[in-house]
There are 2 protein chains.
Amino acid sequence: MPVTTRPVTIRDVARQAQVSVSTVSRALTAPELVRAETRVRVLEIADRLGYQPNPAARSLITGRTGNLGIVVPDLGNPFYPGVMRGAQASARDSGRSVFFCDSGGSARQEAALVRSLAPQVDGLVLCSPLTGGAELAELVALRTTVLLNRPLPGVSSVLMDSRSGAEAALARLALLGHQRCAYLGGPDESWTNGERLAGLRSASDEHGVGLRALGPFPPSFAGGELGADEALGAGVTALVAYNDLMALGALQRLRERGVAVPDRMAVIGFDDLLYSAVCHPSLTTVALPMEEGGRAAVRELLARLAGEPPSTRVLPTALRVRASTG
Amino acid sequence: MPVTTRPVTIRDVARQAQVSVSTVSRALTAPELVRAETRVRVLEIADRLGYQPNPAARSLITGRTGNLGIVVPDLGNPFYPGVMRGAQASARDSGRSVFFCDSGGSARQEAALVRSLAPQVDGLVLCSPLTGGAELAELVALRTTVLLNRPLPGVSSVLMDSRSGAEAALARLALLGHQRCAYLGGPDESWTNGERLAGLRSASDEHGVGLRALGPFPPSFAGGELGADEALGAGVTALVAYNDLMALGALQRLRERGVAVPDRMAVIGFDDLLYSAVCHPSLTTVALPMEEGGRAAVRELLARLAGEPPSTRVLPTALRVRASTG
DNA sequence: ATGAAAGCGCTAACAG
DNA sequence: CTGTTAGCGCTTTCAT
């Protein structure tokens, strides 16, 4: 049974080093203010004692925590781990820790999470927030915030250009001779969903392709299965899903139903998950820069924390043509 | 430009409510100690002012944060998001936030992460830690900790019984007539890896199947691609990968090389990711209870925080036979 | 270059 | 039931 020993405080170090607590504090946070000799002794003793500054105490006085927070709607969607990896890469370079949180795809939980997270971090990245309008404005006011895939006036954001991706996808379908296409919609609250639908709409007008907007469906594998059934009922020959997870679900359902892909139904997704290249048939998809999105968002957040004004950055997307469109 | 307003403190609330700060504090943290009338007034004013207790100040005095931390080695492996979802589900019920962190698959970073995270949470779950020996002992001493897939005397752990899973996998291969099998090993530091190898060894002895242990390989898709090449050189007819991600990578590489699965090479993984059922050919795998693992780990952590003694829990696994073994 | 002292915002005895 | 008081561990003026 390990005895619960009292943690080492700055005072313990000061006593051992025969200096005041202020000197210890300075040796740790502003070394240039301490005589080299003293500093070395203090640091050495701190190290020997295993001294770890109490972050709560430090944060109480400085108002900073050294942490960043990232909120994503769904850890189960590999898109977000991709973003998180990028984010972590940027953050690590700056010596900050990142706290990831999952809002579970609910706007209510998202808001609650942000409120509880905000005071524990210096800055936040909200990925594809479900919260909108006045409440979103309220949330971003809590802390320096960068939005991913959601624009908001006066707030930093990193956007992925899914609209042109959607246009490219539909153009591809038109080129292949498809006349009727369904869109398996994601969450109505999602900016991305609106962009994708808008891109499909404008391109379908341009190419004279009929577009049926279905949904909204849960943006998950299961949602794609559901959506495939509806698309089947809608008499279309092509289906564009809100994301790859849905597209994979749709592929699965179509296989179960004996519907040949791409012969009887072409399928396109968004994201370009690892699995989209591996599944069968491999998935044509609009590739989104996941890691770069995470990196850019944190980079922007660090810039904001360093005093830069808010900015918006749009990242390009690209259609990856694979087997599911023939 | 939003003006940076000074945050509302407990004093602001106290002044407005014409009570002392203690009464406000109590109204929020121990409502039964305050007269109903007073409490209502205080809470109402706190709400109107948008008062949010400063967590640093609170934590400084109570020594608690209300947060849990979970460290995983690789967000890119869908196994961990699965665990995280389970963990979050358990935590949410108890009203605690969970901070997820990614150690990036490096023991050094893992240790650093734990050290920085420990003082900011009440308890930790370390998933498949790469750190071992004395250093792991040191880490778990920092905070109440539950280990996932790593046993340690005197420390709570939740283990998944991959050893019997491995035995079942090899038995299956023996049944199908395979004589020579390769194991694509994961990280040497991983307890799970040892268990799987041990299970394969004992079953291969029992069934008279030759076993070649290859690796270690990175426990990733790319690692599986590498491993498949080595397995091909080893003249085996079956391959068991450390995890599904590797198995998927192996499938991909075998397809590129024109090696038919399962006819010329059978493939088995561990985890049962969503994609393992969807890929082609679908993957035979030892299913691990990801969400349940996360749930159980947090449940155990909460029990520890509530004063229960450490305990070890072993969760069962199950072989899912699919197309990759014929 | 260093020390003394004040106080960050909050909770927890201890009185009343 | 409520107010007063005393810090939690640390950083930061302000002196020296």
# chains A, B, ... in the order shown; residues from 1 in each chain; ligands from 1
>>> residues_around(residues="range 9-12 of chain D", least_positions_apart="4", cutoff="7 Å", atoms="only C-alpha atoms (C1' of nucleotides)", output="ChimeraX atom specification")
/A:54,57-58,61
>>> residues_around(residues="DT4 in chain D", least_positions_apart="3", cutoff="10 Å", atoms="only C-alpha atoms (C1' of nucleotides)", output="list in words")
Ser20 and Ser22 of chain B; DC14, DA15 and DG16 of chain C
>>> closest_atom_pairs(of="chain B", to="chain A", cutoff="7 Å", atoms="only C-alpha atoms", output="JSON lines")
{"residue": "B:Pro55", "atom": "CA", "partner": "A:Pro119", "partner_atom": "CA", "distance": 6.9}
{"residue": "B:Ala56", "atom": "CA", "partner": "A:Ala56", "partner_atom": "CA", "distance": 4.6}
{"residue": "B:Ala57", "atom": "CA", "partner": "A:Leu60", "partner_atom": "CA", "distance": 5.8}
{"residue": "B:Ser59", "atom": "CA", "partner": "A:Ala56", "partner_atom": "CA", "distance": 6.3}
{"residue": "B:Leu60", "atom": "CA", "partner": "A:Ala56", "partner_atom": "CA", "distance": 5.4}
{"residue": "B:Leu75", "atom": "CA", "partner": "A:Pro81", "partner_atom": "CA", "distance": 5.6}
{"residue": "B:Gly76", "atom": "CA", "partner": "A:Pro81", "partner_atom": "CA", "distance": 5.9}
{"residue": "B:Pro81", "atom": "CA", "partner": "A:Leu75", "partner_atom": "CA", "distance": 5.6}
{"residue": "B:Gly82", "atom": "CA", "partner": "A:Gly76", "partner_atom": "CA", "distance": 6.6}
{"residue": "B:Val98", "atom": "CA", "partner": "A:Cys101", "partner_atom": "CA", "distance": 6.9}
{"residue": "B:Phe99", "atom": "CA", "partner": "A:Phe99", "partner_atom": "CA", "distance": 5.2}
{"residue": "B:Phe100", "atom": "CA", "partner": "A:Phe100", "partner_atom": "CA", "distance": 5.1}
{"residue": "B:Cys101", "atom": "CA", "partner": "A:Phe99", "partner_atom": "CA", "distance": 6.2}
{"residue": "B:Pro119", "atom": "CA", "partner": "A:Pro55", "partner_atom": "CA", "distance": 6.9}
{"residue": "B:Gln252", "atom": "CA", "partner": "A:Val278", "partner_atom": "CA", "distance": 6.9}
{"residue": "B:Tyr275", "atom": "CA", "partner": "A:Tyr275", "partner_atom": "CA", "distance": 6.8}
{"residue": "B:Val278", "atom": "CA", "partner": "A:Cys279", "partner_atom": "CA", "distance": 6.3}
{"residue": "B:Cys279", "atom": "CA", "partner": "A:Cys279", "partner_atom": "CA", "distance": 4.3}
{"residue": "B:His280", "atom": "CA", "partner": "A:His280", "partner_atom": "CA", "distance": 5.4}
>>> write_last_selection(atoms="N, CA, C and O atoms", output="short mmCIF file (atom, residue, chain, number, x, y, z; two decimals), in the first residue's frame")
data_model
loop_
_atom_site.label_atom_id
_atom_site.label_comp_id
_atom_site.auth_asym_id
_atom_site.auth_seq_id
_atom_site.Cartn_x
_atom_site.Cartn_y
_atom_site.Cartn_z
N PRO B 55 -12.39 27.02 -11.78
CA PRO B 55 -12.00 25.66 -11.42
C PRO B 55 -10.61 25.59 -10.80
O PRO B 55 -10.34 24.71 -9.98
N ALA B 56 -9.75 26.50 -11.18
CA ALA B 56 -8.40 26.48 -10.61
C ALA B 56 -8.46 26.78 -9.13
O ALA B 56 -7.84 26.10 -8.31
N ALA B 57 -9.23 27.79 -8.78
CA ALA B 57 -9.34 28.17 -7.37
C ALA B 57 -9.98 27.04 -6.58
O ALA B 57 -9.53 26.68 -5.49
N SER B 59 -10.08 23.89 -7.33
CA SER B 59 -9.22 22.73 -7.29
C SER B 59 -8.03 22.96 -6.35
O SER B 59 -7.55 22.04 -5.69
N LEU B 60 -7.61 24.20 -6.28
CA LEU B 60 -6.47 24.51 -5.40
C LEU B 60 -6.79 24.14 -3.96
O LEU B 60 -5.96 23.60 -3.23
N LEU B 75 -4.46 7.46 -31.57
CA LEU B 75 -5.82 7.82 -31.97
C LEU B 75 -6.16 7.31 -33.36
O LEU B 75 -7.33 7.19 -33.72
N GLY B 76 -5.13 7.03 -34.13
CA GLY B 76 -5.37 6.61 -35.50
C GLY B 76 -5.86 5.18 -35.58
O GLY B 76 -6.36 4.74 -36.61
N PRO B 81 -10.50 4.94 -30.12
CA PRO B 81 -11.77 5.67 -30.10
C PRO B 81 -12.91 4.81 -29.55
O PRO B 81 -13.78 5.29 -28.84
N GLY B 82 -12.89 3.52 -29.86
CA GLY B 82 -13.93 2.63 -29.32
C GLY B 82 -13.88 2.61 -27.81
O GLY B 82 -14.89 2.76 -27.12
N VAL B 98 -13.99 14.05 -19.28
CA VAL B 98 -12.84 13.20 -19.58
C VAL B 98 -11.92 13.91 -20.55
O VAL B 98 -12.36 14.43 -21.57
N PHE B 99 -10.67 13.93 -20.22
CA PHE B 99 -9.66 14.45 -21.13
C PHE B 99 -8.94 13.28 -21.77
O PHE B 99 -8.36 12.46 -21.08
N PHE B 100 -9.00 13.24 -23.10
CA PHE B 100 -8.29 12.19 -23.81
C PHE B 100 -6.95 12.74 -24.27
O PHE B 100 -6.85 13.89 -24.66
N CYS B 101 -5.95 11.91 -24.23
CA CYS B 101 -4.66 12.33 -24.73
C CYS B 101 -4.02 11.21 -25.52
O CYS B 101 -4.23 10.03 -25.22
N PRO B 119 -1.61 16.00 -12.55
CA PRO B 119 -2.07 17.00 -11.58
C PRO B 119 -3.35 17.70 -12.00
O PRO B 119 -3.88 18.49 -11.23
N GLN B 252 -4.23 -5.68 -47.82
CA GLN B 252 -3.99 -4.75 -48.92
C GLN B 252 -2.73 -5.15 -49.68
O GLN B 252 -2.72 -5.25 -50.91
N TYR B 275 -14.43 -1.87 -39.69
CA TYR B 275 -13.98 -2.06 -41.06
C TYR B 275 -13.59 -3.48 -41.36
O TYR B 275 -13.54 -3.88 -42.52
N VAL B 278 -16.22 -5.08 -43.16
CA VAL B 278 -16.60 -4.44 -44.42
C VAL B 278 -15.55 -4.62 -45.51
O VAL B 278 -15.85 -4.53 -46.69
N CYS B 279 -14.33 -4.88 -45.11
CA CYS B 279 -13.27 -4.94 -46.10
C CYS B 279 -13.42 -6.21 -46.93
O CYS B 279 -14.30 -7.03 -46.68
N HIS B 280 -12.55 -6.34 -47.91
CA HIS B 280 -12.69 -7.47 -48.81
C HIS B 280 -11.37 -8.18 -49.00
O HIS B 280 -10.42 -7.56 -49.41
#
>>> atom_distance(atom1="CA of Glu135 in chain B", atom2="CA of Leu152 in chain B")
12.2 Å
>>> select_by_dssp(residues="range 42-285 of chain B", states="alpha helix (DSSP H)", output="PyMOL selection string")
chain B and resi 42-49+55-62+79-93+107-117+133-142+162-175+191-207+221-233+244-256+274-278
>>> closest_atom_pairs(of="chain C", to="chain A", cutoff="10 Å", atoms="only C-alpha atoms (C1' of nucleotides)", output="CSV")
residue,atom,partner,partner_atom,distance
C:DA1,C1',A:Val34,CA,6.2
C:DT2,C1',A:Thr23,CA,6.8
C:DG3,C1',A:Ser20,CA,6.2
C:DA4,C1',A:Ser20,CA,9.2
C:DG7,C1',A:Ile61,CA,8.7
C:DC8,C1',A:Ile61,CA,4.5
C:DG9,C1',A:Leu60,CA,7.5
>>> interface_residues(of="chain D", to="chain B", cutoff="10 Å", atoms="only C-alpha atoms (C1' of nucleotides)", output="JSON, numbers by chain")
{"D": [1, 2, 3, 4, 7, 8, 9]}
>>> select_by_dssp(residues="range 108-218 of chain B", states="strand (DSSP E)", output="list in words")
Gly123, Leu124, Val125, Leu126, Cys127, Thr144, Thr145, Val146, Leu147, Leu148, Ser156, Ser157, Val158, Leu159, Met160, Arg180, Cys181, Ala182, Tyr183, Leu184, Gly210, Leu211, Arg212, Ala213 and Leu214 of chain B
>>> write_last_selection(atoms="N, CA, C and O atoms", output="short mmCIF file (atom, residue, chain, number, x, y, z; two decimals), in the first residue's frame")
data_model
loop_
_atom_site.label_atom_id
_atom_site.label_comp_id
_atom_site.auth_asym_id
_atom_site.auth_seq_id
_atom_site.Cartn_x
_atom_site.Cartn_y
_atom_site.Cartn_z
N GLY B 123 -8.19 11.22 -11.63
CA GLY B 123 -7.81 9.83 -11.88
C GLY B 123 -7.48 9.62 -13.34
O GLY B 123 -7.85 10.42 -14.19
N LEU B 124 -6.75 8.55 -13.60
CA LEU B 124 -6.23 8.30 -14.94
C LEU B 124 -6.54 6.89 -15.40
O LEU B 124 -6.50 5.95 -14.61
N VAL B 125 -6.81 6.75 -16.68
CA VAL B 125 -6.82 5.44 -17.30
C VAL B 125 -5.70 5.40 -18.33
O VAL B 125 -5.65 6.27 -19.21
N LEU B 126 -4.81 4.47 -18.17
CA LEU B 126 -3.74 4.32 -19.16
C LEU B 126 -4.04 3.11 -20.02
O LEU B 126 -4.12 1.98 -19.53
N CYS B 127 -4.23 3.35 -21.30
CA CYS B 127 -4.58 2.27 -22.21
C CYS B 127 -3.33 1.68 -22.85
O CYS B 127 -2.54 2.42 -23.45
N THR B 144 -4.50 8.20 -8.79
CA THR B 144 -5.28 6.98 -8.87
C THR B 144 -5.38 6.57 -10.33
O THR B 144 -5.80 7.36 -11.17
N THR B 145 -4.97 5.36 -10.60
CA THR B 145 -4.86 4.95 -11.99
C THR B 145 -5.47 3.58 -12.24
O THR B 145 -5.39 2.70 -11.39
N VAL B 146 -6.08 3.44 -13.39
CA VAL B 146 -6.53 2.14 -13.86
C VAL B 146 -5.81 1.83 -15.16
O VAL B 146 -5.73 2.70 -16.05
N LEU B 147 -5.27 0.65 -15.25
CA LEU B 147 -4.57 0.26 -16.47
C LEU B 147 -5.50 -0.58 -17.35
O LEU B 147 -6.23 -1.43 -16.84
N LEU B 148 -5.45 -0.32 -18.63
CA LEU B 148 -6.21 -1.16 -19.55
C LEU B 148 -5.21 -1.99 -20.34
O LEU B 148 -4.26 -1.47 -20.92
N SER B 156 -5.23 -1.25 -10.11
CA SER B 156 -6.42 -1.71 -10.80
C SER B 156 -6.13 -1.92 -12.28
O SER B 156 -5.43 -1.12 -12.89
N SER B 157 -6.72 -2.98 -12.82
CA SER B 157 -6.59 -3.12 -14.26
C SER B 157 -7.79 -3.81 -14.87
O SER B 157 -8.48 -4.58 -14.22
N VAL B 158 -8.00 -3.49 -16.12
CA VAL B 158 -9.02 -4.16 -16.92
C VAL B 158 -8.27 -4.81 -18.07
O VAL B 158 -7.57 -4.13 -18.82
N LEU B 159 -8.40 -6.12 -18.14
CA LEU B 159 -7.64 -6.85 -19.15
C LEU B 159 -8.59 -7.52 -20.13
O LEU B 159 -9.67 -7.94 -19.76
N MET B 160 -8.15 -7.60 -21.36
CA MET B 160 -8.93 -8.36 -22.33
C MET B 160 -8.18 -9.65 -22.59
O MET B 160 -6.98 -9.65 -22.84
N ARG B 180 1.92 -24.13 -41.32
CA ARG B 180 2.91 -23.11 -40.98
C ARG B 180 2.22 -21.75 -40.94
O ARG B 180 1.56 -21.33 -41.88
N CYS B 181 2.45 -21.08 -39.82
CA CYS B 181 1.74 -19.82 -39.58
C CYS B 181 2.73 -18.77 -39.10
O CYS B 181 3.69 -19.07 -38.39
N ALA B 182 2.52 -17.53 -39.50
CA ALA B 182 3.37 -16.44 -39.03
C ALA B 182 2.58 -15.52 -38.11
O ALA B 182 1.38 -15.34 -38.29
N TYR B 183 3.27 -14.98 -37.12
CA TYR B 183 2.66 -13.95 -36.28
C TYR B 183 3.33 -12.63 -36.57
O TYR B 183 4.55 -12.50 -36.43
N LEU B 184 2.56 -11.66 -36.99
CA LEU B 184 3.11 -10.32 -37.21
C LEU B 184 3.05 -9.56 -35.90
O LEU B 184 1.99 -9.08 -35.51
N GLY B 210 3.52 -25.15 -37.14
CA GLY B 210 4.74 -24.36 -37.03
C GLY B 210 4.42 -22.88 -36.90
O GLY B 210 3.56 -22.38 -37.62
N LEU B 211 5.09 -22.20 -35.97
CA LEU B 211 4.81 -20.77 -35.76
C LEU B 211 6.06 -19.93 -35.94
O LEU B 211 7.07 -20.17 -35.27
N ARG B 212 6.02 -18.95 -36.83
CA ARG B 212 7.12 -18.03 -37.00
C ARG B 212 6.72 -16.67 -36.43
O ARG B 212 5.76 -16.06 -36.92
N ALA B 213 7.42 -16.23 -35.42
CA ALA B 213 7.12 -14.91 -34.85
C ALA B 213 7.95 -13.86 -35.57
O ALA B 213 9.18 -13.90 -35.50
N LEU B 214 7.30 -12.96 -36.27
CA LEU B 214 8.00 -11.91 -37.01
C LEU B 214 7.82 -10.57 -36.29
O LEU B 214 6.97 -10.40 -35.44
#
>>> residues_around(residues="range 168-175 of chain B", least_positions_apart="3", cutoff="7 Å", atoms="only C-alpha atoms (C1' of nucleotides)", output="PyMOL selection string")
chain B and resi 164-165+178-179+200+203-204+207+209+319
>>> residues_around(residues="Arg163 in chain A", least_positions_apart="5", cutoff="6 Å", atoms="only C-alpha atoms (C1' of nucleotides)", output="VMD selection string")
chain A and resid 195 to 196 199
>>> atom_distance(atom1="CA of Asp272 in chain B", atom2="CA of Leu254 in chain A")
21.6 Å
>>> residues_around(residues="Arg257 in chain A", least_positions_apart="6", cutoff="12 Å", atoms="only C-alpha atoms (C1' of nucleotides)", output="number ranges by chain")
A: 225, 228-229, 232, 250-251, 264-265
>>> residues_around(residues="Thr285 in chain A", least_positions_apart="2", cutoff="7 Å", atoms="only C-alpha atoms (C1' of nucleotides)", output="compact mmCIF listing (two decimals) with N, CA and C atoms, in the first residue's frame")
# COMPACT_ATOMS: atom_id res chain seq x y z
N ILE A 268 -20.54 7.76 -53.81
CA ILE A 268 -19.45 8.71 -53.53
C ILE A 268 -19.58 9.19 -52.10
N GLY A 269 -18.44 9.34 -51.43
CA GLY A 269 -18.44 9.86 -50.06
C GLY A 269 -17.63 11.14 -49.95
N PHE A 270 -17.42 11.55 -48.70
CA PHE A 270 -16.56 12.69 -48.40
C PHE A 270 -15.66 12.31 -47.23
N ASP A 271 -14.41 12.61 -47.32
CA ASP A 271 -13.40 12.48 -46.23
C ASP A 271 -12.12 11.83 -46.72
N ASP A 272 -12.27 10.67 -47.38
CA ASP A 272 -11.15 9.83 -47.74
C ASP A 272 -10.48 9.25 -46.51
N LEU A 283 -13.89 3.09 -52.48
CA LEU A 283 -14.84 4.18 -52.50
C LEU A 283 -14.30 5.44 -53.19
N ALA A 287 -11.64 13.89 -51.01
CA ALA A 287 -10.64 13.83 -49.95
C ALA A 287 -10.58 15.16 -49.21
N LEU A 319 -11.29 15.34 -55.46
CA LEU A 319 -12.04 14.11 -55.73
C LEU A 319 -11.08 12.96 -56.00
N ARG A 320 -11.26 11.86 -55.28
CA ARG A 320 -10.46 10.66 -55.54
C ARG A 320 -11.37 9.63 -56.19
N VAL A 321 -11.08 9.37 -57.44
CA VAL A 321 -11.95 8.44 -58.16
C VAL A 321 -11.48 7.00 -57.93
